[in-house]
2 protein chains.
Amino acid sequence: MPLLAASIIVCSPAMAGDAKVGKAKASVQCAVCHGPTGIAQYPEAPNLAGQVEIYLVKALGDFRSGARTNEMMTIVSKSLSDDDIANLAAWYASIQISVQQPQ
Amino acid sequence: MPLLAASIIVCSPAMAGDAKVGKAKASVQCAVCHGPTGIAQYPEAPNLAGQVEIYLVKALGDFRSGARTNEMMTIVSKSLSDDDIANLAAWYASIQISVQQPQ
């Protein structure tokens, strides 16, 4: 498929969470479904690589509170502290993605 | 920040939706928040570039049914047909992303 020559580099700046701590936790609790670099391993799971940090914090908080439900995430999120959520969001947001738009 | 030399190219194959039709609709209804190539323009909105197609179909369907709520998406999704959802998901999934993991 032809691609635009130029691609857009996206890198979210770090916020409150600790990306390195988040990476370690993600490797244990998240990578089976979302992949070691945030690229989903199953069709039902979203890619998280480079995702917007504040969006990830909200998503995990919503799963934990029950405002949003998902068979897997409803269970996984229950064990996460506020710090865990901040660190995981910082980790996934810190992964750089570049985008190439199909013509 | 040092990066791994190798990056992972991610490209989701087309499913039932028509990505070109989805692109046209997205440029009118989605791009203001999610960007012309699926990179979010606001911190509350997620990136959609290269997102998993079946995940996007479910997300839009959940917003439309009320199973998932969001101030903006609850309104926007109400006007979407099943075909619209399939086409939009095909469009965003068709955008190639590559990932570079921070060391």
# chains A, B, ... in the order shown; residues from 1 in each chain; ligands from 1

$ interface_residues --of "chain A" --to "chain B" --cutoff "7 Å" --atoms "only C-alpha atoms" --output "PyMOL selection string"
chain A and resi 37+43-47+51-52+54-55+68+95-102

$ calpha_fit_and_write --fixed "chain A" --moving "chain B" --output "short mmCIF file (atom, residue, chain, number, x, y, z; two decimals) with N, CA, C and O atoms, in the first residue's frame"
data_model
loop_
_atom_site.label_atom_id
_atom_site.label_comp_id
_atom_site.auth_asym_id
_atom_site.auth_seq_id
_atom_site.Cartn_x
_atom_site.Cartn_y
_atom_site.Cartn_z
N MET B 1 0.75 -1.16 -0.16
CA MET B 1 -0.08 0.07 -0.14
C MET B 1 0.85 1.29 -0.09
O MET B 1 1.75 1.32 0.74
N PRO B 2 0.65 2.25 -0.98
CA PRO B 2 1.53 3.43 -0.94
C PRO B 2 1.32 4.24 0.32
O PRO B 2 0.21 4.32 0.85
N LEU B 3 2.36 4.83 0.79
CA LEU B 3 2.30 5.58 2.04
C LEU B 3 2.81 6.99 1.79
O LEU B 3 3.62 7.23 0.90
N LEU B 4 2.33 7.90 2.58
CA LEU B 4 2.91 9.24 2.55
C LEU B 4 4.36 9.13 3.00
O LEU B 4 4.70 8.36 3.88
N ALA B 5 5.21 9.90 2.35
CA ALA B 5 6.63 9.83 2.69
C ALA B 5 6.87 10.32 4.11
O ALA B 5 7.67 9.76 4.85
N ALA B 6 6.14 11.34 4.48
CA ALA B 6 6.36 11.91 5.81
C ALA B 6 5.55 11.14 6.85
O ALA B 6 4.45 10.70 6.58
N SER B 7 6.10 10.95 7.98
CA SER B 7 5.35 10.36 9.08
C SER B 7 5.39 11.33 10.25
O SER B 7 6.21 12.24 10.30
N ILE B 8 4.49 11.14 11.15
CA ILE B 8 4.38 12.03 12.30
C ILE B 8 4.91 11.30 13.52
O ILE B 8 4.47 10.20 13.83
N ILE B 9 5.84 11.90 14.19
CA ILE B 9 6.37 11.29 15.41
C ILE B 9 5.58 11.82 16.60
O ILE B 9 5.39 13.02 16.74
N VAL B 10 5.12 10.91 17.40
CA VAL B 10 4.30 11.27 18.55
C VAL B 10 4.99 10.81 19.82
O VAL B 10 5.35 9.65 19.94
N CYS B 11 5.17 11.71 20.73
CA CYS B 11 5.78 11.34 22.00
C CYS B 11 5.13 12.18 23.09
O CYS B 11 5.21 13.41 23.06
N SER B 12 4.47 11.52 24.01
CA SER B 12 3.82 12.24 25.09
C SER B 12 4.83 12.54 26.20
O SER B 12 5.59 11.67 26.59
N PRO B 13 4.83 13.75 26.70
CA PRO B 13 5.75 14.06 27.79
C PRO B 13 5.33 13.33 29.07
O PRO B 13 4.17 12.97 29.25
N ALA B 14 6.29 13.09 29.94
CA ALA B 14 5.98 12.42 31.20
C ALA B 14 5.11 13.31 32.07
O ALA B 14 5.25 14.53 32.07
N MET B 15 4.17 12.69 32.77
CA MET B 15 3.36 13.43 33.75
C MET B 15 3.73 12.91 35.14
O MET B 15 4.88 12.65 35.42
N ALA B 16 2.74 12.74 35.99
CA ALA B 16 3.03 12.41 37.39
C ALA B 16 3.56 11.00 37.59
O ALA B 16 4.31 10.75 38.52
N GLY B 17 3.15 10.07 36.74
CA GLY B 17 3.52 8.67 36.95
C GLY B 17 4.98 8.40 36.63
O GLY B 17 5.64 9.17 35.95
N ASP B 18 5.45 7.26 37.14
CA ASP B 18 6.83 6.81 36.89
C ASP B 18 6.78 5.72 35.83
O ASP B 18 6.35 4.59 36.11
N ALA B 19 7.24 6.05 34.63
CA ALA B 19 7.12 5.12 33.51
C ALA B 19 7.92 3.84 33.74
O ALA B 19 7.48 2.76 33.33
N LYS B 20 9.07 3.95 34.39
CA LYS B 20 9.88 2.73 34.61
C LYS B 20 9.19 1.77 35.56
O LYS B 20 9.21 0.55 35.36
N VAL B 21 8.59 2.31 36.61
CA VAL B 21 7.83 1.47 37.54
C VAL B 21 6.61 0.88 36.82
O VAL B 21 6.27 -0.29 36.98
N GLY B 22 5.99 1.71 36.01
CA GLY B 22 4.84 1.24 35.24
C GLY B 22 5.21 0.14 34.26
O GLY B 22 4.47 -0.83 34.10
N LYS B 23 6.36 0.28 33.64
CA LYS B 23 6.81 -0.76 32.70
C LYS B 23 6.96 -2.11 33.40
O LYS B 23 6.56 -3.15 32.85
N ALA B 24 7.54 -2.09 34.59
CA ALA B 24 7.74 -3.34 35.34
C ALA B 24 6.39 -3.97 35.69
O ALA B 24 6.21 -5.19 35.55
N LYS B 25 5.46 -3.16 36.13
CA LYS B 25 4.14 -3.70 36.48
C LYS B 25 3.41 -4.18 35.23
O LYS B 25 2.76 -5.23 35.24
N ALA B 26 3.53 -3.41 34.15
CA ALA B 26 2.84 -3.79 32.91
C ALA B 26 3.34 -5.13 32.38
O ALA B 26 2.56 -5.91 31.84
N SER B 27 4.62 -5.38 32.57
CA SER B 27 5.18 -6.64 32.05
C SER B 27 4.56 -7.84 32.74
O SER B 27 4.48 -8.93 32.17
N VAL B 28 4.09 -7.64 33.97
CA VAL B 28 3.48 -8.73 34.73
C VAL B 28 1.97 -8.79 34.50
O VAL B 28 1.40 -9.85 34.29
N GLN B 29 1.32 -7.63 34.52
CA GLN B 29 -0.15 -7.64 34.57
C GLN B 29 -0.84 -7.29 33.25
O GLN B 29 -2.03 -7.55 33.11
N CYS B 30 -0.15 -6.68 32.33
CA CYS B 30 -0.83 -6.13 31.14
C CYS B 30 -0.34 -6.73 29.82
O CYS B 30 -1.10 -6.79 28.84
N ALA B 31 0.93 -7.16 29.81
CA ALA B 31 1.57 -7.49 28.53
C ALA B 31 0.97 -8.72 27.87
O ALA B 31 1.04 -8.84 26.64
N VAL B 32 0.39 -9.63 28.64
CA VAL B 32 -0.19 -10.83 28.04
C VAL B 32 -1.24 -10.44 26.99
O VAL B 32 -1.29 -11.03 25.91
N CYS B 33 -2.05 -9.46 27.30
CA CYS B 33 -3.08 -9.03 26.35
C CYS B 33 -2.64 -7.84 25.48
O CYS B 33 -2.95 -7.78 24.30
N HIS B 34 -1.95 -6.87 26.13
CA HIS B 34 -1.65 -5.62 25.42
C HIS B 34 -0.24 -5.60 24.82
O HIS B 34 0.13 -4.59 24.21
N GLY B 35 0.51 -6.69 25.00
CA GLY B 35 1.81 -6.80 24.37
C GLY B 35 2.91 -6.09 25.13
O GLY B 35 2.65 -5.13 25.87
N PRO B 36 4.15 -6.52 24.96
CA PRO B 36 5.27 -5.92 25.70
C PRO B 36 5.54 -4.46 25.36
O PRO B 36 6.12 -3.73 26.16
N THR B 37 5.11 -4.04 24.16
CA THR B 37 5.28 -2.63 23.79
C THR B 37 3.93 -1.95 23.54
O THR B 37 3.85 -0.94 22.84
N GLY B 38 2.86 -2.54 24.09
CA GLY B 38 1.56 -1.89 23.98
C GLY B 38 0.84 -2.15 22.67
O GLY B 38 -0.12 -1.44 22.35
N ILE B 39 1.29 -3.14 21.92
CA ILE B 39 0.58 -3.57 20.71
C ILE B 39 -0.19 -4.84 21.06
O ILE B 39 0.41 -5.86 21.44
N ALA B 40 -1.51 -4.76 20.93
CA ALA B 40 -2.38 -5.81 21.46
C ALA B 40 -2.09 -7.18 20.85
O ALA B 40 -1.75 -7.30 19.67
N GLN B 41 -2.25 -8.19 21.70
CA GLN B 41 -2.01 -9.57 21.29
C GLN B 41 -3.31 -10.28 20.92
O GLN B 41 -3.28 -11.39 20.40
N TYR B 42 -4.43 -9.68 21.25
CA TYR B 42 -5.74 -10.28 20.98
C TYR B 42 -6.64 -9.22 20.34
O TYR B 42 -6.53 -8.04 20.67
N PRO B 43 -7.57 -9.64 19.48
CA PRO B 43 -8.41 -8.66 18.78
C PRO B 43 -9.31 -7.85 19.71
O PRO B 43 -9.71 -6.75 19.36
N GLU B 44 -9.63 -8.40 20.87
CA GLU B 44 -10.53 -7.68 21.77
C GLU B 44 -9.80 -6.60 22.58
O GLU B 44 -10.44 -5.73 23.18
N ALA B 45 -8.48 -6.67 22.62
CA ALA B 45 -7.70 -5.73 23.44
C ALA B 45 -7.20 -4.58 22.57
O ALA B 45 -6.78 -4.80 21.43
N PRO B 46 -7.22 -3.36 23.09
CA PRO B 46 -6.70 -2.24 22.30
C PRO B 46 -5.18 -2.13 22.39
O PRO B 46 -4.57 -2.53 23.38
N ASN B 47 -4.60 -1.54 21.35
CA ASN B 47 -3.21 -1.09 21.45
C ASN B 47 -3.15 0.02 22.49
O ASN B 47 -4.04 0.87 22.56
N LEU B 48 -2.08 0.04 23.27
CA LEU B 48 -1.89 1.10 24.27
C LEU B 48 -0.62 1.91 24.00
O LEU B 48 -0.39 2.93 24.66
N ALA B 49 0.19 1.48 23.05
CA ALA B 49 1.45 2.17 22.76
C ALA B 49 1.19 3.63 22.39
O ALA B 49 0.40 3.91 21.49
N GLY B 50 1.82 4.54 23.11
CA GLY B 50 1.73 5.95 22.80
C GLY B 50 0.37 6.57 23.10
O GLY B 50 0.12 7.71 22.70
N GLN B 51 -0.47 5.81 23.81
CA GLN B 51 -1.81 6.34 24.08
C GLN B 51 -1.72 7.56 25.02
O GLN B 51 -0.78 7.71 25.79
N VAL B 52 -2.71 8.41 24.94
CA VAL B 52 -2.76 9.65 25.71
C VAL B 52 -2.82 9.32 27.21
O VAL B 52 -3.68 8.57 27.65
N GLU B 53 -1.91 9.91 27.97
CA GLU B 53 -1.74 9.54 29.38
C GLU B 53 -3.01 9.77 30.20
O GLU B 53 -3.45 8.90 30.96
N ILE B 54 -3.60 10.95 30.05
CA ILE B 54 -4.77 11.27 30.87
C ILE B 54 -5.96 10.38 30.48
O ILE B 54 -6.80 10.05 31.32
N TYR B 55 -6.00 9.99 29.22
CA TYR B 55 -7.05 9.05 28.78
C TYR B 55 -6.87 7.69 29.46
O TYR B 55 -7.85 7.08 29.91
N LEU B 56 -5.63 7.23 29.55
CA LEU B 56 -5.36 5.93 30.19
C LEU B 56 -5.69 5.97 31.68
O LEU B 56 -6.23 5.01 32.23
N VAL B 57 -5.35 7.08 32.33
CA VAL B 57 -5.67 7.22 33.77
C VAL B 57 -7.19 7.14 33.96
O VAL B 57 -7.68 6.43 34.86
N LYS B 58 -7.93 7.82 33.11
CA LYS B 58 -9.38 7.79 33.22
C LYS B 58 -9.93 6.40 32.92
O LYS B 58 -10.82 5.90 33.62
N ALA B 59 -9.41 5.76 31.89
CA ALA B 59 -9.91 4.43 31.51
C ALA B 59 -9.71 3.44 32.65
O ALA B 59 -10.64 2.70 33.02
N LEU B 60 -8.52 3.41 33.23
CA LEU B 60 -8.26 2.46 34.31
C LEU B 60 -9.09 2.80 35.54
O LEU B 60 -9.61 1.90 36.22
N GLY B 61 -9.23 4.09 35.83
CA GLY B 61 -10.07 4.50 36.96
C GLY B 61 -11.52 4.12 36.75
O GLY B 61 -12.21 3.68 37.68
N ASP B 62 -12.00 4.26 35.51
CA ASP B 62 -13.39 3.90 35.20
C ASP B 62 -13.61 2.39 35.32
O ASP B 62 -14.68 1.95 35.77
N PHE B 63 -12.64 1.61 34.89
CA PHE B 63 -12.78 0.15 35.05
C PHE B 63 -12.79 -0.20 36.55
O PHE B 63 -13.59 -1.01 37.00
N ARG B 64 -11.92 0.43 37.30
CA ARG B 64 -11.83 0.13 38.74
C ARG B 64 -13.10 0.52 39.48
O ARG B 64 -13.57 -0.20 40.38
N SER B 65 -13.69 1.65 39.09
CA SER B 65 -14.91 2.12 39.78
C SER B 65 -16.17 1.41 39.30
O SER B 65 -17.21 1.48 39.95
N GLY B 66 -16.06 0.77 38.15
CA GLY B 66 -17.25 0.13 37.57
C GLY B 66 -17.98 1.02 36.58
O GLY B 66 -18.98 0.59 35.99
N ALA B 67 -17.52 2.26 36.39
CA ALA B 67 -18.16 3.15 35.42
C ALA B 67 -18.03 2.59 34.00
O ALA B 67 -18.87 2.85 33.15
N ARG B 68 -16.98 1.81 33.78
CA ARG B 68 -16.78 1.14 32.50
C ARG B 68 -16.52 -0.33 32.82
O ARG B 68 -15.82 -0.63 33.81
N THR B 69 -17.09 -1.21 32.04
CA THR B 69 -16.94 -2.63 32.36
C THR B 69 -16.34 -3.40 31.19
O THR B 69 -16.54 -3.05 30.01
N ASN B 70 -15.60 -4.41 31.54
CA ASN B 70 -15.00 -5.32 30.56
C ASN B 70 -14.62 -6.58 31.33
O ASN B 70 -14.10 -6.51 32.45
N GLU B 71 -14.90 -7.72 30.73
CA GLU B 71 -14.72 -8.99 31.43
C GLU B 71 -13.35 -9.08 32.11
O GLU B 71 -13.26 -9.47 33.28
N MET B 72 -12.32 -8.75 31.37
CA MET B 72 -10.96 -8.85 31.92
C MET B 72 -10.59 -7.63 32.76
O MET B 72 -10.09 -7.76 33.88
N MET B 73 -10.82 -6.43 32.22
CA MET B 73 -10.33 -5.21 32.88
C MET B 73 -11.05 -4.92 34.20
O MET B 73 -10.46 -4.31 35.11
N THR B 74 -12.29 -5.34 34.31
CA THR B 74 -13.01 -5.15 35.57
C THR B 74 -12.30 -5.90 36.69
O THR B 74 -12.21 -5.41 37.82
N ILE B 75 -11.76 -7.06 36.38
CA ILE B 75 -11.03 -7.85 37.39
C ILE B 75 -9.64 -7.26 37.62
O ILE B 75 -9.25 -7.00 38.76
N VAL B 76 -8.91 -7.04 36.55
CA VAL B 76 -7.51 -6.60 36.67
C VAL B 76 -7.41 -5.25 37.38
O VAL B 76 -6.53 -5.04 38.23
N SER B 77 -8.32 -4.35 37.08
CA SER B 77 -8.21 -2.99 37.62
C SER B 77 -8.46 -2.91 39.12
O SER B 77 -7.99 -1.98 39.79
N LYS B 78 -9.17 -3.90 39.66
CA LYS B 78 -9.50 -3.88 41.09
C LYS B 78 -8.26 -3.87 41.98
O LYS B 78 -8.29 -3.35 43.10
N SER B 79 -7.17 -4.44 41.48
CA SER B 79 -5.95 -4.55 42.30
C SER B 79 -5.04 -3.34 42.14
O SER B 79 -3.98 -3.28 42.77
N LEU B 80 -5.42 -2.39 41.31
CA LEU B 80 -4.53 -1.26 41.02
C LEU B 80 -4.76 -0.09 41.97
O LEU B 80 -5.90 0.34 42.18
N SER B 81 -3.66 0.43 42.51
CA SER B 81 -3.73 1.66 43.31
C SER B 81 -3.70 2.87 42.38
O SER B 81 -3.43 2.75 41.18
N ASP B 82 -3.94 4.05 42.95
CA ASP B 82 -3.83 5.27 42.14
C ASP B 82 -2.42 5.41 41.57
O ASP B 82 -2.25 5.83 40.41
N ASP B 83 -1.41 5.07 42.37
CA ASP B 83 -0.03 5.14 41.88
C ASP B 83 0.20 4.15 40.75
O ASP B 83 0.88 4.47 39.76
N ASP B 84 -0.33 2.94 40.91
CA ASP B 84 -0.19 1.94 39.84
C ASP B 84 -0.76 2.49 38.53
O ASP B 84 -0.14 2.37 37.47
N ILE B 85 -1.94 3.07 38.63
CA ILE B 85 -2.60 3.60 37.43
C ILE B 85 -1.76 4.72 36.80
O ILE B 85 -1.55 4.75 35.59
N ALA B 86 -1.26 5.62 37.63
CA ALA B 86 -0.43 6.72 37.11
C ALA B 86 0.83 6.19 36.45
O ALA B 86 1.25 6.67 35.39
N ASN B 87 1.44 5.17 37.07
CA ASN B 87 2.68 4.62 36.52
C ASN B 87 2.43 3.87 35.20
O ASN B 87 3.21 3.99 34.25
N LEU B 88 1.35 3.09 35.17
CA LEU B 88 1.03 2.36 33.93
C LEU B 88 0.71 3.33 32.80
O LEU B 88 1.17 3.14 31.66
N ALA B 89 -0.04 4.37 33.11
CA ALA B 89 -0.37 5.36 32.08
C ALA B 89 0.89 6.05 31.58
O ALA B 89 1.05 6.29 30.37
N ALA B 90 1.79 6.38 32.51
CA ALA B 90 3.05 7.03 32.12
C ALA B 90 3.88 6.12 31.21
O ALA B 90 4.49 6.57 30.24
N TRP B 91 3.88 4.84 31.54
CA TRP B 91 4.65 3.88 30.73
C TRP B 91 4.10 3.80 29.31
O TRP B 91 4.84 4.00 28.34
N TYR B 92 2.82 3.53 29.17
CA TYR B 92 2.29 3.37 27.82
C TYR B 92 2.37 4.68 27.03
O TYR B 92 2.64 4.66 25.82
N ALA B 93 2.17 5.81 27.70
CA ALA B 93 2.26 7.10 27.01
C ALA B 93 3.69 7.40 26.57
O ALA B 93 3.91 8.15 25.61
N SER B 94 4.66 6.81 27.25
CA SER B 94 6.06 7.11 26.94
C SER B 94 6.56 6.36 25.70
O SER B 94 7.64 6.66 25.19
N ILE B 95 5.81 5.39 25.25
CA ILE B 95 6.22 4.64 24.06
C ILE B 95 5.94 5.50 22.84
O ILE B 95 4.83 5.96 22.62
N GLN B 96 6.98 5.75 22.06
CA GLN B 96 6.81 6.60 20.88
C GLN B 96 6.13 5.82 19.77
O GLN B 96 6.47 4.66 19.51
N ILE B 97 5.19 6.47 19.11
CA ILE B 97 4.63 5.88 17.90
C ILE B 97 4.78 6.87 16.76
O ILE B 97 4.79 8.08 16.96
N SER B 98 4.92 6.33 15.58
CA SER B 98 4.87 7.17 14.39
C SER B 98 3.76 6.64 13.49
O SER B 98 3.42 5.46 13.52
N VAL B 99 3.18 7.54 12.73
CA VAL B 99 1.96 7.25 11.99
C VAL B 99 2.20 7.45 10.51
O VAL B 99 2.81 8.43 10.11
N GLN B 100 1.74 6.50 9.72
CA GLN B 100 1.79 6.65 8.27
C GLN B 100 0.39 6.42 7.72
O GLN B 100 -0.17 5.34 7.85
N GLN B 101 -0.13 7.48 7.13
CA GLN B 101 -1.50 7.44 6.65
C GLN B 101 -1.56 6.80 5.26
O GLN B 101 -0.80 7.20 4.38
N PRO B 102 -2.46 5.81 5.07
CA PRO B 102 -2.61 5.27 3.72
C PRO B 102 -3.14 6.35 2.78
O PRO B 102 -3.92 7.21 3.19
N GLN B 103 -2.69 6.31 1.53
CA GLN B 103 -3.14 7.33 0.57
C GLN B 103 -4.52 7.01 0.03
O GLN B 103 -4.92 5.86 0.01
#

$ select_by_dssp --residues "chain A" --states "strand (DSSP E)" --output "PyMOL selection string"
chain A and resi 8-10+96-100

$ select_by_dssp --residues "range 42-97 of chain B" --states "helix (DSSP H, G or I)" --output "MDAnalysis selection string"
chainID B and resid 53:65 73:77 82:94

$ write_last_selection --atoms "N, CA, C and O atoms" --output "CSV table (one decimal), in the first residue's frame"
chain,number,residue,atom,x,y,z
B,53,GLU,N,-9.3,-3.0,15.0
B,53,GLU,CA,-10.6,-2.7,14.4
B,53,GLU,C,-11.8,-3.2,15.2
B,53,GLU,O,-12.8,-2.5,15.4
B,54,ILE,N,-11.7,-4.4,15.7
B,54,ILE,CA,-12.8,-5.0,16.5
B,54,ILE,C,-13.0,-4.3,17.8
B,54,ILE,O,-14.2,-4.1,18.3
B,55,TYR,N,-11.9,-3.7,18.3
B,55,TYR,CA,-12.0,-2.9,19.6
B,55,TYR,C,-12.8,-1.6,19.3
B,55,TYR,O,-13.7,-1.2,20.1
B,56,LEU,N,-12.5,-1.0,18.1
B,56,LEU,CA,-13.2,0.2,17.8
B,56,LEU,C,-14.6,0.0,17.5
B,56,LEU,O,-15.5,0.8,17.9
B,57,VAL,N,-15.0,-1.1,16.8
B,57,VAL,CA,-16.4,-1.4,16.6
B,57,VAL,C,-17.1,-1.6,17.9
B,57,VAL,O,-18.2,-1.0,18.1
B,58,LYS,N,-16.5,-2.3,18.8
B,58,LYS,CA,-17.2,-2.4,20.1
B,58,LYS,C,-17.3,-1.1,20.9
B,58,LYS,O,-18.3,-0.8,21.5
B,59,ALA,N,-16.2,-0.3,20.9
B,59,ALA,CA,-16.2,0.9,21.6
B,59,ALA,C,-17.4,1.9,21.1
B,59,ALA,O,-18.2,2.4,21.9
B,60,LEU,N,-17.5,2.0,19.8
B,60,LEU,CA,-18.5,2.9,19.2
B,60,LEU,C,-19.9,2.3,19.5
B,60,LEU,O,-20.8,3.0,19.8
B,61,GLY,N,-20.0,1.0,19.4
B,61,GLY,CA,-21.3,0.3,19.7
B,61,GLY,C,-21.7,0.5,21.1
B,61,GLY,O,-22.9,0.8,21.4
B,62,ASP,N,-20.7,0.4,22.0
B,62,ASP,CA,-21.0,0.6,23.4
B,62,ASP,C,-21.4,2.1,23.7
B,62,ASP,O,-22.3,2.3,24.6
B,63,PHE,N,-20.8,3.0,23.1
B,63,PHE,CA,-21.2,4.4,23.3
B,63,PHE,C,-22.6,4.6,22.8
B,63,PHE,O,-23.4,5.3,23.4
B,64,ARG,N,-22.9,4.1,21.6
B,64,ARG,CA,-24.2,4.2,21.0
B,64,ARG,C,-25.3,3.6,21.9
B,64,ARG,O,-26.4,4.2,22.0
B,65,SER,N,-25.0,2.4,22.5
B,65,SER,CA,-26.0,1.7,23.3
B,65,SER,C,-26.1,2.3,24.7
B,65,SER,O,-27.1,2.0,25.4
B,73,MET,N,-18.8,11.5,23.2
B,73,MET,CA,-19.0,10.3,22.4
B,73,MET,C,-20.5,9.8,22.5
B,73,MET,O,-21.0,9.1,21.6
B,74,THR,N,-21.1,10.0,23.6
B,74,THR,CA,-22.5,9.6,23.8
B,74,THR,C,-23.3,10.3,22.8
B,74,THR,O,-24.3,9.7,22.3
B,75,ILE,N,-23.0,11.6,22.5
B,75,ILE,CA,-23.8,12.3,21.6
B,75,ILE,C,-23.4,11.9,20.1
B,75,ILE,O,-24.3,11.6,19.3
B,76,VAL,N,-22.1,11.9,19.9
B,76,VAL,CA,-21.7,11.7,18.5
B,76,VAL,C,-22.1,10.3,18.0
B,76,VAL,O,-22.5,10.1,16.8
B,77,SER,N,-22.0,9.3,18.9
B,77,SER,CA,-22.3,7.9,18.4
B,77,SER,C,-23.8,7.7,18.1
B,77,SER,O,-24.1,6.8,17.3
B,82,ASP,N,-24.7,1.1,11.8
B,82,ASP,CA,-23.7,0.0,11.9
B,82,ASP,C,-22.6,0.1,10.8
B,82,ASP,O,-21.4,-0.2,11.0
B,83,ASP,N,-23.1,0.5,9.6
B,83,ASP,CA,-22.1,0.7,8.5
B,83,ASP,C,-21.1,1.8,8.8
B,83,ASP,O,-19.9,1.7,8.5
B,84,ASP,N,-21.6,2.9,9.3
B,84,ASP,CA,-20.7,4.0,9.7
B,84,ASP,C,-19.6,3.5,10.7
B,84,ASP,O,-18.5,3.8,10.5
B,85,ILE,N,-20.1,2.7,11.7
B,85,ILE,CA,-19.1,2.2,12.7
B,85,ILE,C,-18.1,1.3,12.1
B,85,ILE,O,-16.9,1.4,12.3
B,86,ALA,N,-18.6,0.4,11.2
B,86,ALA,CA,-17.6,-0.5,10.5
B,86,ALA,C,-16.6,0.3,9.7
B,86,ALA,O,-15.4,0.0,9.6
B,87,ASN,N,-17.1,1.3,9.0
B,87,ASN,CA,-16.2,2.1,8.1
B,87,ASN,C,-15.2,2.9,8.9
B,87,ASN,O,-14.0,3.0,8.5
B,88,LEU,N,-15.7,3.5,10.0
B,88,LEU,CA,-14.8,4.3,10.8
B,88,LEU,C,-13.7,3.4,11.4
B,88,LEU,O,-12.5,3.8,11.5
B,89,ALA,N,-14.1,2.3,11.9
B,89,ALA,CA,-13.2,1.3,12.5
B,89,ALA,C,-12.1,0.9,11.5
B,89,ALA,O,-10.9,0.8,11.8
B,90,ALA,N,-12.6,0.6,10.3
B,90,ALA,CA,-11.7,0.2,9.2
B,90,ALA,C,-10.7,1.3,8.9
B,90,ALA,O,-9.5,1.0,8.6
B,91,TRP,N,-11.2,2.5,8.9
B,91,TRP,CA,-10.3,3.6,8.5
B,91,TRP,C,-9.2,3.8,9.6
B,91,TRP,O,-8.0,3.8,9.3
B,92,TYR,N,-9.6,3.9,10.9
B,92,TYR,CA,-8.5,4.1,11.9
B,92,TYR,C,-7.6,2.9,12.0
B,92,TYR,O,-6.4,3.0,12.2
B,93,ALA,N,-8.1,1.7,11.8
B,93,ALA,CA,-7.3,0.5,11.8
B,93,ALA,C,-6.3,0.4,10.7
B,93,ALA,O,-5.2,-0.2,10.8
B,94,SER,N,-6.7,1.1,9.6
B,94,SER,CA,-5.8,1.0,8.4
B,94,SER,C,-4.6,1.9,8.5
B,94,SER,O,-3.7,1.8,7.6

$ decode --residues "range 58-68 of chain A" --atoms "N, CA, C and O atoms" --output "short mmCIF file (atom, residue, chain, number, x, y, z; two decimals), in the first residue's frame"
data_model
loop_
_atom_site.label_atom_id
_atom_site.label_comp_id
_atom_site.auth_asym_id
_atom_site.auth_seq_id
_atom_site.Cartn_x
_atom_site.Cartn_y
_atom_site.Cartn_z
N LYS A 58 -7.92 7.83 33.09
CA LYS A 58 -9.39 7.80 33.21
C LYS A 58 -9.94 6.41 32.92
O LYS A 58 -10.82 5.91 33.63
N ALA A 59 -9.42 5.76 31.88
CA ALA A 59 -9.92 4.44 31.50
C ALA A 59 -9.73 3.44 32.64
O ALA A 59 -10.65 2.71 33.01
N LEU A 60 -8.52 3.42 33.22
CA LEU A 60 -8.26 2.47 34.31
C LEU A 60 -9.09 2.81 35.54
O LEU A 60 -9.61 1.90 36.22
N GLY A 61 -9.25 4.10 35.82
CA GLY A 61 -10.08 4.50 36.95
C GLY A 61 -11.54 4.12 36.74
O GLY A 61 -12.23 3.69 37.67
N ASP A 62 -12.00 4.27 35.50
CA ASP A 62 -13.40 3.91 35.19
C ASP A 62 -13.62 2.41 35.31
O ASP A 62 -14.68 1.96 35.77
N PHE A 63 -12.65 1.61 34.88
CA PHE A 63 -12.78 0.15 35.05
C PHE A 63 -12.80 -0.19 36.54
O PHE A 63 -13.60 -1.01 37.00
N ARG A 64 -11.92 0.43 37.30
CA ARG A 64 -11.83 0.13 38.73
C ARG A 64 -13.11 0.52 39.47
O ARG A 64 -13.56 -0.20 40.37
N SER A 65 -13.70 1.66 39.08
CA SER A 65 -14.91 2.13 39.77
C SER A 65 -16.17 1.42 39.29
O SER A 65 -17.21 1.50 39.95
N GLY A 66 -16.07 0.76 38.14
CA GLY A 66 -17.25 0.14 37.56
C GLY A 66 -17.99 1.03 36.59
O GLY A 66 -18.99 0.61 36.00
N ALA A 67 -17.52 2.26 36.39
CA ALA A 67 -18.17 3.15 35.42
C ALA A 67 -18.05 2.59 34.00
O ALA A 67 -18.89 2.85 33.15
N ARG A 68 -16.98 1.82 33.79
CA ARG A 68 -16.79 1.14 32.51
C ARG A 68 -16.54 -0.33 32.84
O ARG A 68 -15.84 -0.63 33.82
#
